[in-house]
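Below: the structure, in C-alpha cells.
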Amino acid sequence: MTSRTSFLSGFGFALAACALWGAIFLVPVMLPEFSALQITFGRFVLYGVVALCVFLPQAGRLLPRLQAADVRHLIWLALTGNIVYFALVATSVQRIGMAVTSLIVGLVPITVPLLGRKTTGAIPLHRMLAPMALILAGIVLINAHAMTGEPSAQAGRHLLGVVLAVLAVLSWSRYALDNTRYLAQSRFNGTEWSTLWGLVVGLISALLWALLWVLGPDSHQPAIPAQRWQLFWLLNLCIAIFSSWLGNWMWNAASQRLPITFVGQLLVFETLFALAYHFIYERRLPLPGELAPILLILAGIAWSLKRFQRARSLASAQD
C-alpha cells in the first residue's frame with residue numbers, strides 16, 4: 001500500500017468512525033428516563049455480546065496469543081475509551097444538552113496532540129495558543145447562550161454538566177494516545193483488537209450493572225413502561241453494533257494508517273456529525289446565538305489542524 005493510498009484509506013476509516021460515533025450523543029436525549037449508568041452499561045453489555053459472537057470462531061487462534069500485558073491494556077482502554085467516557089458524556093448530555101456537550105467533546109482534536117506533544121511530529125505548544133483561545137471563546141459563548149435566563153439552581157446543574165464533558169475529553173484523549181501507541185507494537189490487528197476489547201468492555205459493564213442492581217433501584221424513580229425498555233434495548237443494540245464494534249474497528253484501522261497526532265485531530269468530524277444529528281432530531285436550524293460560537297469552535301479546530309499540517313510539512317522537508 002502506497003503512502004498516499006494508506007493516507008486516503010486511513011482518512012476514510014476515521015471519517016466513517018466519526019459518523020458512527022456522532023450518533024452516541026442522541027441516545028441519552030432519546031432515553032431521558034434512564035440514568036446515564038443504565039444507558040452506559042446497556043450499550044456495552046450488548047457490545048460485549050456482539051464481540052463474543054465475532055470472537056467464538058477465532059477463540060482458538062486469539063487466546064494463545066493473549067498475554068497478561070494485553071489484558072491490562074484492554075481493561076485500561078475499556079474504561080478510559082468506553083465506560084468512563086460514555087458515562088460522563090451521557091450524564092453531560094442529560095444536563096446541558098447534546099449540542100453543548102458535543103462541542104466540548106470536540107476539544108479532543110486539540111487535547112490529543114497536546115497530550116502527545118512528545119511524539120514525533122507533534123505541534124509545539126506555543127503554536128496552539130491562538131487556535132485554543134478561539135475555541136475557548138466559542139465554548140464560553142455557547143455556554144453563556146445556554147445558561148441565559150436559567151435560575152441559579154439550573155446554572156449550577158449546567159456548570160456540573162460542563163465539568164463532566166471536560167472530564168470526558170480528558171478520558172478519551174488519554175485513551176486515543178494509549179490505544180494508538182499500543183496498536184503500533186501489538187501482535188493483534190485492528191479487527192482482532194476491537195473484538196478482544198469488546199469482550200472486556202462487555203464483561204466489565206455486566207459486572208458493574210450487576211453491582212448497580214444489587215445496590216438496588218432508586219425507590220423515587222417511577223416505573224419505566226415496557227415499550228420504553230424495548231426502545232432502550234433496540235437503540236443500544238444499534239449503538240453496540242455500529243458505533244461500538246464497527247466504529248472502534250474503523251478507528252483502529254485509521255490509527256494504523258495515520259500519524260498519532262493527526263488522527264486525533266480528525267475527531268472534529270465527530271462533533272460535526274453530532275451537531276448535524278442534533279439539529280435534524282430537533283427539526284430546526286441553529287439559532288444565531290448557537291451558530292456564532294459553533295463557528296468559532298470549529299474555526300479554532302480547523303486552524304489548529306492547518307498549523308499541524310504546516311509543521312508536518314516543514315518536518316518532512318528537513319528530513
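Here's how to read the names in the C-alpha cells: chain A, B, ... by the order shown, residue numbers from 1 in each chain, ligand numbers from 1 in the order shown.
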Name the residues in contact with segment 37-41 of chain A at a cut-off of 6 Å, using only C-alpha atoms, excluding same-chain residues fewer than 3 positions from it; report them as a count of residues only. 4
Within 10 Å of Ala23 of chain A using only C-alpha atoms, minus same-chain residues under 6 positions, as a ChimeraX atom specification: /A:238-239,242-243,270,273-278
At a cut-off of 9 Å, using only C-alpha atoms, what residues contact segment 256-258 of chain A? Leave out same-chain residues fewer than 4 positions from it and give the result as a ChimeraX atom specification. /A:3,6-11,180,183-184,189-190,251-252,262-263
Got a sec to tell me which of segment 50-280 of chain A DSSP assigns to helix (DSSP H, G or I), as a VMD selection string? chain A and resid 50 to 65 68 to 96 98 to 105 108 to 115 125 to 147 152 to 184 190 to 215 226 to 255 260 to 265 268 to 280
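The closest residue to Gln185 of chain A, picked from A:Ala206, A:Asp70, A:Ala59, A:Tyr281 and counting only C-alpha atoms, is A:Asp70.
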Which one of A:Pro259, A:Gly138, A:Pro57, A:Pro32 sits closest to Leu298 of chain A if you count only C-alpha atoms?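 Of A:Pro259, A:Gly138, A:Pro57, A:Pro32, the one nearest Leu298 of chain A is A:Gly138, counting only C-alpha atoms.
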Residue neighbourhood Leu199 of chain A, 6 Å, only C-alpha atoms, exclusion window fewer than 3 positions, as number ranges by chain: A: 48, 51, 196, 202
Shell of 12 Å around Asn143 of chain A, only C-alpha atoms, local chain residues under 2 positions omitted, as a PDB file with N, CA, C and O atoms, in the first residue's frame:
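Output contents, as saved in selection36.pdb:
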ATOM      1  N   ILE A  96     -26.792  19.304  30.085  1.00  0.00           N
ATOM      2  CA  ILE A  96     -26.582  20.542  29.320  1.00  0.00           C
ATOM      3  C   ILE A  96     -26.965  20.430  27.851  1.00  0.00           C
ATOM      4  O   ILE A  96     -26.838  21.390  27.104  1.00  0.00           O
ATOM      5  N   GLY A  97     -27.432  19.249  27.421  1.00  0.00           N
ATOM      6  CA  GLY A  97     -27.889  19.109  26.051  1.00  0.00           C
ATOM      7  C   GLY A  97     -26.823  18.532  25.123  1.00  0.00           C
ATOM      8  O   GLY A  97     -25.624  18.559  25.403  1.00  0.00           O
ATOM      9  N   ALA A  99     -25.946  19.481  21.945  1.00  0.00           N
ATOM     10  CA  ALA A  99     -25.104  20.392  21.163  1.00  0.00           C
ATOM     11  C   ALA A  99     -23.910  20.883  21.977  1.00  0.00           C
ATOM     12  O   ALA A  99     -22.769  20.839  21.510  1.00  0.00           O
ATOM     13  N   VAL A 100     -24.160  21.361  23.200  1.00  0.00           N
ATOM     14  CA  VAL A 100     -23.072  21.896  24.030  1.00  0.00           C
ATOM     15  C   VAL A 100     -22.086  20.792  24.386  1.00  0.00           C
ATOM     16  O   VAL A 100     -20.864  20.980  24.321  1.00  0.00           O
ATOM     17  N   THR A 101     -22.592  19.616  24.748  1.00  0.00           N
ATOM     18  CA  THR A 101     -21.709  18.504  25.094  1.00  0.00           C
ATOM     19  C   THR A 101     -20.825  18.114  23.917  1.00  0.00           C
ATOM     20  O   THR A 101     -19.612  17.926  24.072  1.00  0.00           O
ATOM     21  N   LEU A 103     -19.874  19.888  21.424  1.00  0.00           N
ATOM     22  CA  LEU A 103     -18.885  20.929  21.134  1.00  0.00           C
ATOM     23  C   LEU A 103     -17.712  20.872  22.109  1.00  0.00           C
ATOM     24  O   LEU A 103     -16.561  21.076  21.719  1.00  0.00           O
ATOM     25  N   ILE A 104     -18.002  20.593  23.380  1.00  0.00           N
ATOM     26  CA  ILE A 104     -16.912  20.479  24.347  1.00  0.00           C
ATOM     27  C   ILE A 104     -16.089  19.227  24.065  1.00  0.00           C
ATOM     28  O   ILE A 104     -14.856  19.263  24.087  1.00  0.00           O
ATOM     29  N   LEU A 136     -11.781  28.444  23.083  1.00  0.00           N
ATOM     30  CA  LEU A 136     -12.242  28.803  24.424  1.00  0.00           C
ATOM     31  C   LEU A 136     -13.314  29.885  24.366  1.00  0.00           C
ATOM     32  O   LEU A 136     -14.323  29.819  25.079  1.00  0.00           O
ATOM     33  N   ALA A 137     -13.127  30.870  23.486  1.00  0.00           N
ATOM     34  CA  ALA A 137     -14.136  31.927  23.327  1.00  0.00           C
ATOM     35  C   ALA A 137     -15.458  31.334  22.867  1.00  0.00           C
ATOM     36  O   ALA A 137     -16.537  31.713  23.361  1.00  0.00           O
ATOM     37  N   GLY A 138     -15.402  30.389  21.933  1.00  0.00           N
ATOM     38  CA  GLY A 138     -16.623  29.747  21.452  1.00  0.00           C
ATOM     39  C   GLY A 138     -17.325  28.963  22.542  1.00  0.00           C
ATOM     40  O   GLY A 138     -18.561  28.999  22.655  1.00  0.00           O
ATOM     41  N   ILE A 139     -16.549  28.244  23.367  1.00  0.00           N
ATOM     42  CA  ILE A 139     -17.137  27.453  24.450  1.00  0.00           C
ATOM     43  C   ILE A 139     -17.810  28.363  25.483  1.00  0.00           C
ATOM     44  O   ILE A 139     -18.906  28.072  25.978  1.00  0.00           O
ATOM     45  N   VAL A 140     -17.157  29.472  25.799  1.00  0.00           N
ATOM     46  CA  VAL A 140     -17.742  30.422  26.749  1.00  0.00           C
ATOM     47  C   VAL A 140     -19.055  30.964  26.203  1.00  0.00           C
ATOM     48  O   VAL A 140     -20.068  31.052  26.913  1.00  0.00           O
ATOM     49  N   LEU A 141     -19.068  31.328  24.921  1.00  0.00           N
ATOM     50  CA  LEU A 141     -20.278  31.896  24.313  1.00  0.00           C
ATOM     51  C   LEU A 141     -21.416  30.886  24.235  1.00  0.00           C
ATOM     52  O   LEU A 141     -22.567  31.222  24.524  1.00  0.00           O
ATOM     53  N   HIS A 145     -24.919  31.343  26.180  1.00  0.00           N
ATOM     54  CA  HIS A 145     -26.207  31.308  25.492  1.00  0.00           C
ATOM     55  C   HIS A 145     -27.129  30.276  26.140  1.00  0.00           C
ATOM     56  O   HIS A 145     -28.327  30.541  26.368  1.00  0.00           O
ATOM     57  N   ALA A 146     -26.584  29.095  26.470  1.00  0.00           N
ATOM     58  CA  ALA A 146     -27.404  28.028  27.043  1.00  0.00           C
ATOM     59  C   ALA A 146     -27.900  28.386  28.434  1.00  0.00           C
ATOM     60  O   ALA A 146     -28.988  27.965  28.851  1.00  0.00           O
ATOM     61  N   MET A 147     -27.110  29.167  29.170  1.00  0.00           N
ATOM     62  CA  MET A 147     -27.459  29.486  30.552  1.00  0.00           C
ATOM     63  C   MET A 147     -28.293  30.754  30.679  1.00  0.00           C
ATOM     64  O   MET A 147     -28.735  31.095  31.778  1.00  0.00           O
ATOM     65  N   THR A 148     -28.516  31.486  29.569  1.00  0.00           N
ATOM     66  CA  THR A 148     -29.278  32.729  29.622  1.00  0.00           C
ATOM     67  C   THR A 148     -30.699  32.473  30.121  1.00  0.00           C
ATOM     68  O   THR A 148     -31.427  31.639  29.585  1.00  0.00           O
ATOM     69  N   GLY A 149     -31.074  33.166  31.159  1.00  0.00           N
ATOM     70  CA  GLY A 149     -32.434  33.038  31.680  1.00  0.00           C
ATOM     71  C   GLY A 149     -32.651  31.870  32.611  1.00  0.00           C
ATOM     72  O   GLY A 149     -33.756  31.671  33.112  1.00  0.00           O
ATOM     73  N   GLU A 150     -31.602  31.050  32.855  1.00  0.00           N
ATOM     74  CA  GLU A 150     -31.772  29.916  33.753  1.00  0.00           C
ATOM     75  C   GLU A 150     -31.688  30.369  35.214  1.00  0.00           C
ATOM     76  O   GLU A 150     -30.890  31.248  35.545  1.00  0.00           O
ATOM     77  N   ALA A 155     -28.321  26.824  36.711  1.00  0.00           N
ATOM     78  CA  ALA A 155     -26.973  27.237  36.316  1.00  0.00           C
ATOM     79  C   ALA A 155     -25.923  26.326  36.946  1.00  0.00           C
ATOM     80  O   ALA A 155     -24.935  25.956  36.310  1.00  0.00           O
ATOM     81  N   HIS A 158     -25.943  23.146  35.093  1.00  0.00           N
ATOM     82  CA  HIS A 158     -25.277  23.319  33.804  1.00  0.00           C
ATOM     83  C   HIS A 158     -23.765  23.289  33.973  1.00  0.00           C
ATOM     84  O   HIS A 158     -23.057  22.646  33.196  1.00  0.00           O
ATOM     85  N   LEU A 159     -23.271  23.980  34.985  1.00  0.00           N
ATOM     86  CA  LEU A 159     -21.830  24.016  35.226  1.00  0.00           C
ATOM     87  C   LEU A 159     -21.279  22.617  35.486  1.00  0.00           C
ATOM     88  O   LEU A 159     -20.208  22.254  34.990  1.00  0.00           O
ATOM     89  N   LEU A 160     -22.015  21.820  36.251  1.00  0.00           N
ATOM     90  CA  LEU A 160     -21.586  20.446  36.509  1.00  0.00           C
ATOM     91  C   LEU A 160     -21.539  19.645  35.209  1.00  0.00           C
ATOM     92  O   LEU A 160     -20.621  18.844  34.994  1.00  0.00           O
ATOM     93  N   GLY A 161     -22.517  19.869  34.342  1.00  0.00           N
ATOM     94  CA  GLY A 161     -22.518  19.190  33.048  1.00  0.00           C
ATOM     95  C   GLY A 161     -21.301  19.551  32.216  1.00  0.00           C
ATOM     96  O   GLY A 161     -20.717  18.695  31.530  1.00  0.00           O
ATOM     97  N   VAL A 162     -20.893  20.819  32.256  1.00  0.00           N
ATOM     98  CA  VAL A 162     -19.698  21.263  31.536  1.00  0.00           C
ATOM     99  C   VAL A 162     -18.457  20.565  32.083  1.00  0.00           C
ATOM    100  O   VAL A 162     -17.599  20.086  31.325  1.00  0.00           O
ATOM    101  N   VAL A 163     -18.356  20.500  33.414  1.00  0.00           N
ATOM    102  CA  VAL A 163     -17.205  19.836  34.044  1.00  0.00           C
ATOM    103  C   VAL A 163     -17.142  18.363  33.628  1.00  0.00           C
ATOM    104  O   VAL A 163     -16.066  17.834  33.305  1.00  0.00           O
ATOM    105  N   GLY A 289     -27.503  32.698  18.248  1.00  0.00           N
ATOM    106  CA  GLY A 289     -26.709  32.584  19.463  1.00  0.00           C
ATOM    107  C   GLY A 289     -25.980  31.261  19.576  1.00  0.00           C
ATOM    108  O   GLY A 289     -25.039  31.118  20.354  1.00  0.00           O
ATOM    109  N   GLU A 290     -26.426  30.252  18.815  1.00  0.00           N
ATOM    110  CA  GLU A 290     -25.748  28.954  18.776  1.00  0.00           C
ATOM    111  C   GLU A 290     -24.743  28.903  17.630  1.00  0.00           C
ATOM    112  O   GLU A 290     -23.653  28.344  17.764  1.00  0.00           O
ATOM    113  N   ALA A 292     -22.937  31.294  16.072  1.00  0.00           N
ATOM    114  CA  ALA A 292     -21.683  32.046  16.211  1.00  0.00           C
ATOM    115  C   ALA A 292     -20.628  31.279  17.012  1.00  0.00           C
ATOM    116  O   ALA A 292     -19.494  31.099  16.546  1.00  0.00           O
ATOM    117  N   PRO A 293     -20.942  30.786  18.222  1.00  0.00           N
ATOM    118  CA  PRO A 293     -19.923  30.029  18.958  1.00  0.00           C
ATOM    119  C   PRO A 293     -19.555  28.708  18.294  1.00  0.00           C
ATOM    120  O   PRO A 293     -18.406  28.268  18.385  1.00  0.00           O
ATOM    121  N   ILE A 294     -20.519  28.066  17.614  1.00  0.00           N
ATOM    122  CA  ILE A 294     -20.206  26.838  16.886  1.00  0.00           C
ATOM    123  C   ILE A 294     -19.145  27.107  15.828  1.00  0.00           C
ATOM    124  O   ILE A 294     -18.159  26.368  15.692  1.00  0.00           O
TER     125      ILE A 294
END
Using only C-alpha atoms, which of A:Leu287, A:Leu272, A:Met250, A:Ile204 sits nearest Val105 of chain A? A:Leu272
Of the residues A:Leu74, A:Leu66, A:Leu211, A:Leu31, which is the one nearest to Trp197 of chain A, using only C-alpha atoms?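 Answer, going by the shortest atom-to-atom distance: A:Leu74.
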Do you have the atom CA of Leu167 of chain A-atom CA of Trp21 of chain A distance handy?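 Going from atom CA of Leu167 of chain A over to atom CA of Trp21 of chain A, I get 17.8 Å.
Nearest to Val29 of chain A of all the residues A:Val112, A:Val214, A:Val93, A:Ala226 is A:Val93, counting only C-alpha atoms.
Taking atom CA of Asn82 of chain A as the reference point, atom CA of Leu208 of chain A is found at 13.4 Å.
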Within 12 Å of Met30 of chain A, counting only C-alpha atoms, which residues qualify if same-chain residues fewer than 2 places away don't, as a PyMOL selection string? chain A and resi 23-28+32-36+39+90+93-94+97-98+228-229+231-232+234-236+278+281-282
Residue nearest Ala254 of chain A among A:Val71, A:Leu115, A:Ala176, A:Ile241 (counting only C-alpha atoms): A:Ala176
